[in-house]
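Structure record follows, encoded as structure tokens.
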Amino acid sequence: MLTTIKTAYTDTRAADLAWALGREPLPALAVLDLQLDDVKVQLRLLGASHQVLLEEESGSCSETVACMPGSSTPLPLGVAKRIGDWEYEFAAHVETLSRGSFAGRAQELLALVAEHPYGLAGTFPGAPHAFTAMLAQRECGQVRWRTWHAYPQEGRLVATRTRVGVRAVAAL
């Protein structure tokens, strides 16, 4: 699903993104509710940032990547944590692209997400190639999502990958 976010693009920087687990739902500009087998997933666009809420019988999880004033956790390159019975893995990568490469990559990613049944992307009015995009899937007992945060004024694209899976219990 592709939507135009009904707010002006605020000139933020990729370096301002922070990461957090367990935050309460933040006000969203666009939401996509998904049912992936027995897991409820909510993809939430928060402007130039995202929040994913995951809920299952065994628990819940929320991931936020946003410009959060007062946050003490900058965007990490990688995280591996145990959340209840789940194994959580997060990775982030920042790409710096030329203006022409950036425009082409932006079009490619927006087309991918817009056509995907479990995808949500938001563009900003009057700011070509400024977007946030998210794509979720369930595979082999795990929920995975990818996100892209575009900062065309810097030529930077922040990509994240997350995997949440139930921890295997050792047989006695």
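If you're wondering about the labels, chains in the structure tokens are A, B, ... by order shown, residues count from 1 in each chain, ligands from 1 in order shown.
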Could you go through chain A and tell me which residues DSSP, when run on the backbone, assigns to strand (DSSP E), listing them as a ChimeraX atom specification?
/A:2-4,18-21,30-36,39-45,50-56,59-66,78-83,86-96,119-123,131-139,142-151,156-166
Would you mind listing what lies within 10 Å of Gln153 in chain A as a VMD selection string, with only C-alpha atoms counted and same-chain residues fewer than 6 positions away left out?
chain A and resid 11 to 13 99 127 129 to 130
Spatial neighbours of Pro128 in chain A, 9 Å, only C-alpha atoms, chain gap at least 5 places, as a ChimeraX atom specification
/A:103,123,152
Neighbouring residues of range 25-37 of chain A were defined as those with any atom within 12 Å, considering only C-alpha atoms; residues of the same chain fewer than 4 positions away were excluded. Please report them as a VMD selection string.
chain A and resid 1 to 8 20 to 21 41 to 57 61 to 66 68 117 to 124 132 to 145
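For chain A, a DSSP pass over the backbone yields alpha helix (DSSP H) at Arg99, Gly100, Ser101, Phe102, Ala103, Gly104, Arg105, Ala106, Gln107, Glu108, Leu109, Leu110, Ala111, Leu112, Val113 and Ala114 of chain A.
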Can I get the selected residues back with C-alpha atoms, as an mmCIF file, in the first residue's frame?
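After the write, result-v6.cif holds the following:
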```cif
data_model
loop_
_atom_site.group_PDB
_atom_site.id
_atom_site.type_symbol
_atom_site.label_atom_id
_atom_site.label_comp_id
_atom_site.auth_asym_id
_atom_site.auth_seq_id
_atom_site.Cartn_x
_atom_site.Cartn_y
_atom_site.Cartn_z
ATOM 1 C CA ARG A 99 21.509 11.981 -6.561
ATOM 2 C CA GLY A 100 20.814 9.849 -9.674
ATOM 3 C CA SER A 101 21.364 6.550 -7.871
ATOM 4 C CA PHE A 102 19.185 7.724 -4.995
ATOM 5 C CA ALA A 103 16.258 8.554 -7.303
ATOM 6 C CA GLY A 104 16.483 5.169 -9.022
ATOM 7 C CA ARG A 105 16.712 3.254 -5.736
ATOM 8 C CA ALA A 106 13.767 5.213 -4.310
ATOM 9 C CA GLN A 107 11.570 4.337 -7.319
ATOM 10 C CA GLU A 108 12.609 0.680 -7.116
ATOM 11 C CA LEU A 109 11.812 0.366 -3.392
ATOM 12 C CA LEU A 110 8.505 2.229 -3.617
ATOM 13 C CA ALA A 111 7.379 -0.023 -6.496
ATOM 14 C CA LEU A 112 8.357 -3.150 -4.528
ATOM 15 C CA VAL A 113 6.481 -2.131 -1.391
ATOM 16 C CA ALA A 114 3.431 -0.582 -3.117
#
```
